[in-house]
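Structure file final11.csv (CSV, C-alpha atoms) is printed below.
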chain,number,residue,atom,x,y,z
A,209,MET,CA,-20.2,4.7,-1.7
A,210,SER,CA,-17.7,5.1,-4.5
A,211,LYS,CA,-14.1,4.2,-3.7
A,212,ASN,CA,-10.7,4.9,-5.3
A,213,ILE,CA,-8.7,1.7,-5.3
A,214,LEU,CA,-5.1,1.3,-6.2
A,215,VAL,CA,-4.1,-2.1,-7.5
A,216,THR,CA,-0.6,-3.1,-8.6
A,217,GLY,CA,0.2,-5.6,-11.4
A,218,VAL,CA,-3.0,-5.1,-13.3
A,219,SER,CA,-1.9,-6.0,-16.8
A,220,ARG,CA,-2.6,-9.7,-16.5
A,221,GLY,CA,-3.3,-12.7,-14.4
A,222,LEU,CA,-4.7,-12.2,-10.9
A,223,GLY,CA,-4.1,-8.4,-11.0
A,224,LEU,CA,-6.4,-8.1,-14.1
A,225,ALA,CA,-9.0,-10.2,-12.3
A,226,ILE,CA,-8.8,-7.9,-9.2
A,227,ALA,CA,-9.1,-4.9,-11.4
A,228,ARG,CA,-12.2,-6.3,-13.1
A,229,ALA,CA,-13.8,-7.2,-9.7
A,230,VAL,CA,-13.0,-3.7,-8.4
A,231,LEU,CA,-14.7,-2.1,-11.4
A,232,GLU,CA,-17.7,-4.5,-11.1
A,233,ALA,CA,-18.1,-3.3,-7.5
A,234,GLY,CA,-18.7,0.1,-9.0
A,235,TRP,CA,-15.4,1.6,-7.7
A,236,SER,CA,-12.7,3.6,-9.6
A,237,LEU,CA,-9.5,1.8,-10.4
A,238,PHE,CA,-6.0,3.2,-10.2
A,239,GLY,CA,-3.9,0.5,-11.8
A,240,VAL,CA,-0.1,0.2,-11.9
A,241,SER,CA,1.8,-2.1,-14.1
A,242,ARG,CA,5.0,-2.2,-16.1
A,243,THR,CA,3.0,-2.2,-19.3
A,244,ARG,CA,-0.6,-2.0,-20.5
A,245,SER,CA,-2.0,-5.2,-22.0
A,246,PRO,CA,-4.7,-5.6,-24.6
A,247,GLU,CA,-6.9,-7.3,-21.9
A,248,PHE,CA,-6.5,-4.2,-19.6
A,249,ASP,CA,-7.3,-1.9,-22.5
A,250,SER,CA,-10.5,-3.8,-23.1
A,251,LEU,CA,-11.4,-3.6,-19.4
A,252,ALA,CA,-10.7,0.2,-19.5
A,253,ALA,CA,-12.9,0.6,-22.6
A,254,ALA,CA,-15.8,-1.2,-20.9
A,255,HIS,CA,-15.7,1.2,-17.8
A,256,PRO,CA,-15.1,4.7,-19.2
A,257,GLY,CA,-14.1,7.3,-16.7
A,258,ARG,CA,-13.3,4.9,-13.9
A,259,VAL,CA,-10.0,3.4,-15.0
A,260,HIS,CA,-6.7,5.2,-14.5
A,261,PHE,CA,-3.4,3.7,-15.4
A,262,PHE,CA,0.2,4.4,-14.6
A,263,ALA,CA,3.2,2.6,-16.1
A,264,HIS,CA,5.8,1.9,-13.4
A,265,ASP,CA,8.3,-0.9,-12.8
A,266,LEU,CA,8.1,-1.8,-9.1
A,267,ALA,CA,11.7,-2.9,-9.2
A,268,ASP,CA,12.2,0.9,-8.6
A,269,ALA,CA,10.8,0.7,-5.0
A,270,ASP,CA,11.5,4.3,-4.2
A,271,GLY,CA,9.7,5.3,-7.4
A,272,VAL,CA,6.5,4.3,-5.6
A,273,ARG,CA,7.0,7.3,-3.4
A,274,THR,CA,8.5,9.7,-5.9
A,275,ARG,CA,6.4,8.8,-8.9
A,276,VAL,CA,3.3,6.6,-8.3
A,277,PHE,CA,2.1,8.7,-5.3
A,278,LYS,CA,3.1,12.0,-6.8
A,279,GLU,CA,2.4,11.9,-10.5
A,280,PHE,CA,-0.5,9.4,-10.3
A,281,VAL,CA,-2.3,9.2,-7.0
A,282,GLY,CA,-1.6,12.6,-5.4
A,283,LEU,CA,-2.7,13.7,-1.9
A,284,ASP,CA,-5.6,15.4,-3.6
A,285,THR,CA,-7.1,12.0,-4.6
A,286,PRO,CA,-8.7,10.3,-1.6
A,287,LEU,CA,-7.5,6.7,-1.6
A,288,HIS,CA,-9.9,4.2,0.0
A,289,GLY,CA,-8.1,1.0,-0.7
A,290,PHE,CA,-4.8,-0.5,-1.9
A,291,VAL,CA,-4.3,-4.0,-3.2
A,292,ASN,CA,-0.6,-5.1,-3.3
A,293,ASN,CA,-0.8,-7.8,-6.0
A,294,ALA,CA,2.3,-7.4,-8.2
A,295,ALA,CA,5.1,-9.9,-7.5
A,296,VAL,CA,7.9,-11.7,-9.2
A,297,ALA,CA,9.1,-15.2,-8.6
A,298,TYR,CA,12.6,-16.4,-8.2
A,299,ASP,CA,12.5,-20.1,-7.7
A,300,ASP,CA,15.4,-22.3,-7.1
A,301,LEU,CA,17.0,-24.5,-4.5
A,302,VAL,CA,18.3,-22.6,-1.5
A,303,THR,CA,21.8,-23.9,-2.2
A,304,ASN,CA,21.7,-22.1,-5.6
A,305,LEU,CA,20.6,-18.8,-4.1
A,306,GLU,CA,22.0,-15.7,-5.9
A,307,LEU,CA,22.0,-12.6,-3.8
A,308,GLU,CA,21.4,-10.2,-6.7
A,309,ARG,CA,18.3,-12.1,-7.9
A,310,LEU,CA,17.0,-12.3,-4.3
A,311,GLU,CA,17.4,-8.6,-3.8
A,312,ALA,CA,15.6,-7.9,-7.1
A,313,MET,CA,12.7,-10.1,-5.9
A,314,TYR,CA,12.6,-8.4,-2.5
A,315,ALA,CA,12.5,-4.9,-4.2
A,316,VAL,CA,9.2,-5.9,-6.1
A,317,ASN,CA,7.6,-8.2,-3.6
A,318,VAL,CA,8.5,-6.5,-0.3
A,319,PHE,CA,10.1,-3.1,-0.5
A,320,ALA,CA,7.8,-1.6,-3.1
A,321,PRO,CA,4.6,-2.7,-1.3
A,322,MET,CA,6.0,-1.3,2.0
A,323,MET,CA,6.7,2.0,0.3
A,324,ALA,CA,3.2,1.9,-1.2
A,325,THR,CA,1.7,1.1,2.2
A,326,ARG,CA,3.6,4.1,3.7
A,327,GLN,CA,2.1,6.4,1.1
A,328,ALA,CA,-1.4,4.9,1.1
A,329,ILE,CA,-1.6,5.4,4.9
A,330,ARG,CA,-0.4,8.9,4.6
A,331,ASN,CA,-3.1,9.6,2.0
A,332,MET,CA,-5.8,7.9,4.1
A,333,LEU,CA,-4.7,9.9,7.2
A,334,LEU,CA,-5.1,13.2,5.3
A,335,HIS,CA,-8.6,12.4,4.2
A,336,GLY,CA,-9.6,11.0,7.5
A,337,GLY,CA,-11.9,8.3,6.2
A,338,GLY,CA,-9.8,5.2,7.1
A,339,GLY,CA,-9.1,2.6,4.4
A,340,SER,CA,-8.3,-0.9,3.6
A,341,ILE,CA,-5.0,-2.5,2.6
A,342,VAL,CA,-4.9,-5.9,1.1
A,343,HIS,CA,-1.7,-7.8,0.4
A,344,VAL,CA,-1.8,-10.9,-1.9
A,345,SER,CA,0.2,-13.5,-0.1
A,346,SER,CA,0.9,-17.2,-1.0
A,347,ILE,CA,0.1,-20.5,0.5
A,348,SER,CA,3.8,-21.3,0.0
A,349,ALA,CA,4.5,-19.1,3.1
A,350,HIS,CA,2.6,-21.7,5.1
A,351,THR,CA,3.1,-25.0,3.3
A,352,GLY,CA,6.6,-25.9,2.2
A,353,TYR,CA,7.3,-26.5,-1.5
A,354,LYS,CA,10.7,-27.4,-3.0
A,355,GLY,CA,12.3,-24.5,-4.8
A,356,LEU,CA,10.0,-21.8,-3.3
A,357,ALA,CA,11.9,-20.9,-0.1
A,358,MET,CA,13.0,-17.5,-1.3
A,359,TYR,CA,9.7,-16.6,-2.9
A,360,ALA,CA,7.8,-17.8,0.2
A,361,SER,CA,10.0,-15.7,2.4
A,362,THR,CA,8.8,-12.5,0.7
A,363,LYS,CA,5.2,-13.4,1.4
A,364,GLY,CA,6.0,-14.3,5.0
A,365,ALA,CA,7.5,-10.8,5.3
A,366,LEU,CA,4.4,-9.3,3.9
A,367,GLU,CA,2.1,-11.2,6.3
A,368,ALA,CA,4.2,-10.0,9.3
A,369,PHE,CA,4.2,-6.4,7.9
A,370,SER,CA,0.4,-6.5,7.4
A,371,LYS,CA,-0.4,-7.7,10.9
A,372,ASN,CA,1.7,-5.1,12.5
A,373,THR,CA,0.3,-2.4,10.2
A,374,ALA,CA,-3.2,-3.4,11.3
A,375,ARG,CA,-2.2,-3.0,14.9
A,376,GLU,CA,-0.5,0.3,14.4
A,377,TRP,CA,-3.2,2.1,12.4
A,378,GLY,CA,-6.4,0.4,13.5
A,379,GLU,CA,-7.4,3.2,15.7
A,380,ARG,CA,-7.5,5.5,12.6
A,381,GLY,CA,-9.8,3.1,10.8
A,382,ILE,CA,-7.1,1.8,8.5
A,383,ARG,CA,-7.3,-2.0,8.1
A,384,SER,CA,-4.7,-4.4,6.7
A,385,ASN,CA,-5.2,-8.0,5.7
A,386,CYS,CA,-3.7,-10.6,3.5
A,387,VAL,CA,-5.3,-12.9,1.0
A,388,VAL,CA,-3.3,-16.1,1.0
A,389,ALA,CA,-3.7,-17.5,-2.5
A,390,GLY,CA,-3.1,-21.1,-3.4
A,391,PHE,CA,-1.7,-22.2,-6.8
A,392,MET,CA,-3.5,-20.5,-9.7
A,393,GLU,CA,-3.2,-21.0,-13.5
A,394,THR,CA,-1.2,-17.9,-14.2
A,395,ASP,CA,2.0,-17.0,-16.0
A,396,MET,CA,3.7,-16.9,-12.7
A,397,SER,CA,3.1,-20.6,-12.0
A,398,GLY,CA,3.9,-21.4,-15.7
A,399,ALA,CA,7.5,-22.1,-14.8
A,400,LEU,CA,6.4,-25.2,-13.0
A,401,GLY,CA,6.3,-28.4,-15.0
A,402,GLU,CA,3.0,-30.2,-15.9
A,403,GLU,CA,3.7,-33.0,-13.5
A,404,GLN,CA,4.7,-30.7,-10.7
A,405,ARG,CA,1.4,-28.7,-11.2
A,406,ARG,CA,-0.7,-31.9,-11.2
A,407,ARG,CA,0.9,-33.0,-7.9
A,408,ILE,CA,0.3,-29.6,-6.3
A,409,PHE,CA,-3.4,-29.6,-7.4
A,410,GLU,CA,-3.8,-33.2,-6.2
A,411,ARG,CA,-2.8,-32.0,-2.7
A,412,THR,CA,-5.8,-29.8,-2.5
A,413,ALA,CA,-9.2,-30.9,-1.2
A,414,LEU,CA,-10.9,-29.5,-4.3
A,415,LYS,CA,-8.3,-31.1,-6.6
A,416,ARG,CA,-8.2,-28.1,-8.9
A,417,PRO,CA,-6.3,-24.8,-9.3
A,418,VAL,CA,-7.5,-21.8,-7.3
A,419,ALA,CA,-9.9,-19.7,-9.4
A,420,LEU,CA,-8.6,-16.2,-10.0
A,421,GLU,CA,-12.1,-14.9,-9.6
A,422,SER,CA,-12.3,-16.4,-6.1
A,423,VAL,CA,-9.2,-14.6,-5.0
A,424,ALA,CA,-10.2,-11.4,-6.6
A,425,ALA,CA,-13.7,-11.5,-4.9
A,426,THR,CA,-12.0,-12.0,-1.6
A,427,CYS,CA,-9.9,-8.9,-2.2
A,428,VAL,CA,-13.0,-6.9,-3.0
A,429,PHE,CA,-14.7,-8.2,0.1
A,430,LEU,CA,-11.7,-7.1,2.3
A,431,LEU,CA,-11.8,-3.7,0.6
A,432,GLY,CA,-15.5,-3.1,1.2
A,433,GLY,CA,-17.5,-2.1,4.2
A,434,GLU,CA,-18.8,-5.6,4.9
A,435,SER,CA,-15.4,-6.5,6.2
A,436,CYS,CA,-15.2,-3.5,8.5
A,437,SER,CA,-14.4,-5.6,11.5
A,438,ILE,CA,-11.7,-7.7,9.9
A,439,THR,CA,-8.1,-6.6,10.2
A,440,GLY,CA,-4.7,-8.2,10.8
A,441,GLN,CA,-6.0,-11.5,9.3
A,442,ASN,CA,-4.8,-13.9,6.6
A,443,VAL,CA,-7.7,-15.1,4.6
A,444,VAL,CA,-6.8,-18.4,2.8
A,445,VAL,CA,-8.1,-19.1,-0.7
A,446,ASP,CA,-6.3,-22.2,-1.7
A,447,SER,CA,-8.8,-24.9,-2.9
A,448,GLY,CA,-8.2,-26.6,0.5
A,449,VAL,CA,-4.6,-27.2,1.4
A,450,PHE,CA,-4.6,-28.8,4.9
B,160,MET,CA,7.7,34.7,18.6
B,161,SER,CA,4.6,32.9,17.2
B,162,SER,CA,4.4,30.4,14.4
B,163,ALA,CA,2.8,31.1,11.1
B,164,PRO,CA,-1.1,31.0,11.0
B,165,ASP,CA,-1.0,28.1,8.6
B,166,LEU,CA,0.8,25.8,11.0
B,167,LEU,CA,-1.8,26.8,13.7
B,168,ARG,CA,-4.5,25.8,11.3
B,169,LEU,CA,-2.9,22.4,10.6
B,170,VAL,CA,-2.3,21.7,14.2
B,171,ASN,CA,-5.9,22.5,15.0
B,172,GLN,CA,-7.1,20.1,12.3
B,173,VAL,CA,-5.2,17.3,14.1
B,174,LEU,CA,-6.7,18.4,17.4
B,175,ALA,CA,-10.2,18.4,15.9
B,176,ASN,CA,-9.8,14.8,14.7
B,177,LYS,CA,-9.1,13.9,18.3
B,178,ARG,CA,-12.1,15.9,19.4
B,179,ARG,CA,-9.9,18.2,21.4
B,180,PRO,CA,-10.3,22.0,21.7
B,181,ALA,CA,-8.5,24.2,19.2
B,182,VAL,CA,-5.6,26.4,20.4
B,183,ALA,CA,-5.7,30.1,19.7
B,184,ARG,CA,-2.0,30.6,19.5
B,185,LEU,CA,1.0,28.5,18.7
B,186,PRO,CA,4.1,30.0,20.3
B,187,SER,CA,7.4,28.7,18.8
B,188,GLU,CA,8.3,27.0,22.1
B,189,THR,CA,5.1,24.9,22.0
B,190,ARG,CA,6.0,21.3,22.5
B,191,LEU,CA,4.0,19.0,20.2
B,192,ARG,CA,3.8,16.0,22.6
B,193,GLU,CA,3.9,17.6,26.0
B,194,ASP,CA,1.9,20.8,25.4
B,195,LEU,CA,-0.5,19.7,22.6
B,196,GLY,CA,-0.8,16.0,23.7
B,197,PHE,CA,0.2,14.7,20.3
B,198,ASP,CA,1.1,11.0,20.1
B,199,SER,CA,3.1,9.4,17.3
B,200,LEU,CA,0.1,8.8,15.1
B,201,ASP,CA,-0.9,12.5,15.5
B,202,LEU,CA,2.6,13.6,14.5
B,203,ALA,CA,2.3,11.4,11.4
B,204,GLU,CA,-1.0,13.0,10.5
B,205,LEU,CA,0.5,16.5,11.1
B,206,THR,CA,3.4,15.5,8.8
B,207,VAL,CA,1.1,14.6,6.0
B,208,ARG,CA,-1.0,17.8,6.5
B,209,ILE,CA,2.2,19.9,6.3
B,210,GLU,CA,3.4,18.0,3.3
B,211,GLU,CA,0.1,18.6,1.5
B,212,ALA,CA,0.2,22.3,2.3
B,213,HIS,CA,3.9,23.0,1.8
B,214,GLY,CA,5.2,20.0,-0.2
B,215,VAL,CA,7.8,19.3,2.5
B,216,ASP,CA,8.1,16.2,4.7
B,217,VAL,CA,9.3,18.1,7.8
B,218,PHE,CA,10.0,14.9,9.8
B,219,GLU,CA,12.0,13.2,7.0
B,220,LYS,CA,15.3,14.2,8.5
B,221,GLY,CA,14.6,13.6,12.1
B,222,VAL,CA,12.1,14.2,14.9
B,223,LEU,CA,11.0,17.7,15.6
B,224,ARG,CA,9.8,18.6,19.1
B,225,THR,CA,8.4,22.1,18.9
B,226,ALA,CA,6.3,24.4,16.6
B,227,GLY,CA,9.4,26.6,16.1
B,228,GLU,CA,11.5,23.7,14.9
B,229,ILE,CA,8.8,22.9,12.2
B,230,GLU,CA,8.8,26.5,11.2
B,231,ALA,CA,12.6,26.5,10.9
B,232,ARG,CA,12.6,23.3,8.8
B,233,LEU,CA,9.9,24.8,6.5
B,234,GLY,CA,12.0,28.0,6.2
B,235,ARG,CA,15.1,26.1,5.3
B,236,ALA,CA,13.2,24.1,2.6
B,237,ALA,CA,11.8,27.4,1.2
B,238,CYS,CA,15.3,28.8,1.0
B,239,ALA,CA,16.6,25.7,-0.7
B,240,ASP,CA,13.8,26.0,-3.3
B,241,ALA,CA,14.6,29.6,-3.9
B,242,ARG,CA,18.3,28.8,-4.4
B,243,GLN,CA,17.4,26.0,-6.9
B,244,SER,CA,15.2,28.3,-8.9
B,245,GLU,CA,18.1,30.9,-9.0
B,246,ASP,CA,20.6,28.3,-10.3
For the structure just supplied, provide its representation as structure tokens.
Amino acid sequence: MSKNILVTGVSRGLGLAIARAVLEAGWSLFGVSRTRSPEFDSLAAAHPGRVHFFAHDLADADGVRTRVFKEFVGLDTPLHGFVNNAAVAYDDLVTNLELERLEAMYAVNVFAPMMATRQAIRNMLLHGGGGSIVHVSSISAHTGYKGLAMYASTKGALEAFSKNTAREWGERGIRSNCVVAGFMETDMSGALGEEQRRRIFERTALKRPVALESVAATCVFLLGGESCSITGQNVVVDSGVF
Amino acid sequence: MSSAPDLLRLVNQVLANKRRPAVARLPSETRLREDLGFDSLDLAELTVRIEEAHGVDVFEKGVLRTAGEIEARLGRAACADARQSED
């Protein structure tokens, strides 16, 4: 069955990999990002008719309701899945915490995904076919790393939100899960120094960064029918951090 | 006084999803929870169906208990729209 899947943060990194995996699954992509990248343009060109794009900065969390779900994915478009991937990182010692930067991160990482979930569930309710929500979380919410306390707290919030969403809407066939990603080679982890990255990767069983494709494939699995009995879970994809 | 036929249709869609029999009439005093047996998830579904049909989130400004209260909220929204278009 063809599905309409909304993915945030599709211009690069993990979001681009998820977008590619969604398209390779044969589904239609509704991608949201601040800007279009040349890589996304190439992906769109390779899948004519199945790629839709909307430019929106998720720092405007209420705009998810008033713009993304009105001008882009209206109630007349049945939505089967939503992948909350977009995130920003504000890394520092807790003692240096600046409220304004914390609030800006929460707008993108927590408030916008919550508003998107609100609207996605409303869409799924109208069309009556259920749906699957996937939040991209981070291993930092489970394993402490110096400097990541604020960022990790946004992912912990998402995991709690996801589990409760799953309980609340399960009887309507709407599932919610998190993919807990370990450290990947993306622009987001680029702020870390070479030595810090090496130490992080050395802590994993596989001794290597998490593959974007592995995280993306897990998202697609959770979106698809084969995961129909999985909800309220955190699926860890982290090269083995234990 | 009875509610508009469109609200009756939307209410019956929610009832159908619960495999419950349709109602033939929807008097204004009909209580959504007590008389129709709607739970909180049913009310959420009704909200979306009304929003799709009328473009108004009737529960946005507080809980409504009866069919008549929904009609009144829709009527106020229509009046506000008309005022805006006159301005």
So which one's closest to Glu434 (chain A), A:Ser340, A:Ala324, A:Arg309, A:Asn212? Using all atoms listed in the file, please. A:Ser340
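Selecting chain B residues within 7 Å of chain A and counting all atoms listed in the file yields Glu204, Val207, Arg208 and Glu211 of chain B.
Counting from CA of Ala312 (chain A), the distance to CA of Asp300 (chain A) is 14.4 Å.
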For region 220-236 of chain B, list every protein, DNA or RNA residue within 6 Å, evaluated using all atoms listed in the file, and leave out those in the same chain fewer than 6 positions away; present the list as a ChimeraX atom specification. /B:187-191
Between CA of Leu200 (chain B) and CA of Arg184 (chain B) - distance in Å to one decimal: 22.3 Å
Between A:Val387, A:Val281, A:Ala229, A:Val342, single out the one closest to Thr325 (chain A), counting only C-alpha atoms.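 When distances to Thr325 (chain A) are compared using only C-alpha atoms, the smallest one comes from A:Val342.
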I'd like the contact shell of Ser219 (chain A) - 9 Å cut-off, all atoms listed in the file, skipping same-chain residues fewer than 6 positions apart - returned as a list of chain:residue names.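 Once the nearby chain positions are removed, what remains is A:Gly239, A:Val240, A:Ser241, A:Arg242, A:Thr243, A:Arg244, A:Ser245, A:Pro246, A:Glu247, A:Phe248, A:Asp249.
You will find CA of Val302 (chain A) at 28.8 Å from CA of Arg220 (chain A).
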Within 8 Å of Gln441 (chain A), counting all atoms listed in the file, which residues show up once you throw out same-chain ones fewer than 4 positions away? Write them as a count of residues only, please. 4
Find the residues around Thr206 (chain B) up to 7 Å (all atoms listed in the file counted), leave out those fewer than 5 positions away in its own chain, and share them as a PDB file with C-alpha atoms, in the coordinates of the input.
ATOM      1  CA  ASP B 216       8.100  16.200   4.700  1.00  0.00           C
ATOM      2  CA  VAL B 217       9.300  18.100   7.800  1.00  0.00           C
ATOM      3  CA  PHE B 218      10.000  14.900   9.800  1.00  0.00           C
TER       4      PHE B 218
END
Nearest to Leu167 (chain B), chosen from B:Asp198, B:Ala181, B:Ala203, B:Glu219, with only C-alpha atoms counted in the distances: B:Ala181
Taking N, CA and C atoms as the atom set, what does region 214-235 of chain A look like once completed, written as an mmCIF file, in the coordinates of the input?
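Written output follows (out-v7.cif):
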data_model
loop_
_atom_site.group_PDB
_atom_site.id
_atom_site.type_symbol
_atom_site.label_atom_id
_atom_site.label_comp_id
_atom_site.auth_asym_id
_atom_site.auth_seq_id
_atom_site.Cartn_x
_atom_site.Cartn_y
_atom_site.Cartn_z
ATOM 1 N N LEU A 214 -6.329 1.504 -5.476
ATOM 2 C CA LEU A 214 -5.100 1.300 -6.200
ATOM 3 C C LEU A 214 -4.704 -0.165 -6.198
ATOM 4 N N VAL A 215 -4.429 -0.671 -7.380
ATOM 5 C CA VAL A 215 -4.100 -2.100 -7.500
ATOM 6 C C VAL A 215 -2.775 -2.169 -8.345
ATOM 7 N N THR A 216 -1.815 -2.956 -7.874
ATOM 8 C CA THR A 216 -0.600 -3.100 -8.600
ATOM 9 C C THR A 216 -0.605 -4.427 -9.437
ATOM 10 N N GLY A 217 0.119 -4.420 -10.543
ATOM 11 C CA GLY A 217 0.200 -5.600 -11.400
ATOM 12 C C GLY A 217 -1.063 -5.929 -12.131
ATOM 13 N N VAL A 218 -1.679 -4.895 -12.735
ATOM 14 C CA VAL A 218 -3.000 -5.100 -13.300
ATOM 15 C C VAL A 218 -3.056 -5.544 -14.747
ATOM 16 N N SER A 219 -1.906 -5.721 -15.371
ATOM 17 C CA SER A 219 -1.900 -6.000 -16.800
ATOM 18 C C SER A 219 -2.420 -7.404 -17.140
ATOM 19 N N ARG A 220 -2.237 -8.333 -16.202
ATOM 20 C CA ARG A 220 -2.600 -9.700 -16.500
ATOM 21 C C ARG A 220 -2.828 -10.516 -15.263
ATOM 22 N N GLY A 221 -3.227 -11.778 -15.460
ATOM 23 C CA GLY A 221 -3.300 -12.700 -14.400
ATOM 24 C C GLY A 221 -4.271 -12.263 -13.241
ATOM 25 N N LEU A 222 -3.846 -12.487 -12.012
ATOM 26 C CA LEU A 222 -4.700 -12.200 -10.900
ATOM 27 C C LEU A 222 -4.951 -10.648 -10.780
ATOM 28 N N GLY A 223 -3.950 -9.833 -11.090
ATOM 29 C CA GLY A 223 -4.100 -8.400 -11.000
ATOM 30 C C GLY A 223 -5.245 -7.902 -11.931
ATOM 31 N N LEU A 224 -5.307 -8.481 -13.122
ATOM 32 C CA LEU A 224 -6.400 -8.100 -14.100
ATOM 33 C C LEU A 224 -7.735 -8.561 -13.511
ATOM 34 N N ALA A 225 -7.772 -9.736 -12.890
ATOM 35 C CA ALA A 225 -9.000 -10.200 -12.300
ATOM 36 C C ALA A 225 -9.459 -9.316 -11.129
ATOM 37 N N ILE A 226 -8.493 -8.867 -10.333
ATOM 38 C CA ILE A 226 -8.800 -7.900 -9.200
ATOM 39 C C ILE A 226 -9.325 -6.621 -9.783
ATOM 40 N N ALA A 227 -8.643 -6.122 -10.818
ATOM 41 C CA ALA A 227 -9.100 -4.900 -11.400
ATOM 42 C C ALA A 227 -10.518 -4.982 -11.930
ATOM 43 N N ARG A 228 -10.832 -6.110 -12.572
ATOM 44 C CA ARG A 228 -12.200 -6.300 -13.100
ATOM 45 C C ARG A 228 -13.197 -6.350 -11.923
ATOM 46 N N ALA A 229 -12.847 -7.040 -10.844
ATOM 47 C CA ALA A 229 -13.800 -7.200 -9.700
ATOM 48 C C ALA A 229 -13.969 -5.794 -9.018
ATOM 49 N N VAL A 230 -12.904 -4.999 -8.956
ATOM 50 C CA VAL A 230 -13.000 -3.700 -8.400
ATOM 51 C C VAL A 230 -13.984 -2.801 -9.189
ATOM 52 N N LEU A 231 -13.863 -2.894 -10.505
ATOM 53 C CA LEU A 231 -14.700 -2.100 -11.400
ATOM 54 C C LEU A 231 -16.178 -2.614 -11.312
ATOM 55 N N GLU A 232 -16.337 -3.930 -11.231
ATOM 56 C CA GLU A 232 -17.700 -4.500 -11.100
ATOM 57 C C GLU A 232 -18.358 -4.120 -9.806
ATOM 58 N N ALA A 233 -17.534 -3.820 -8.788
ATOM 59 C CA ALA A 233 -18.100 -3.300 -7.500
ATOM 60 C C ALA A 233 -18.557 -1.897 -7.612
ATOM 61 N N GLY A 234 -18.250 -1.258 -8.753
ATOM 62 C CA GLY A 234 -18.700 0.100 -9.000
ATOM 63 C C GLY A 234 -17.673 1.157 -8.530
ATOM 64 N N TRP A 235 -16.469 0.714 -8.198
ATOM 65 C CA TRP A 235 -15.400 1.600 -7.700
ATOM 66 C C TRP A 235 -14.538 2.086 -8.866
#
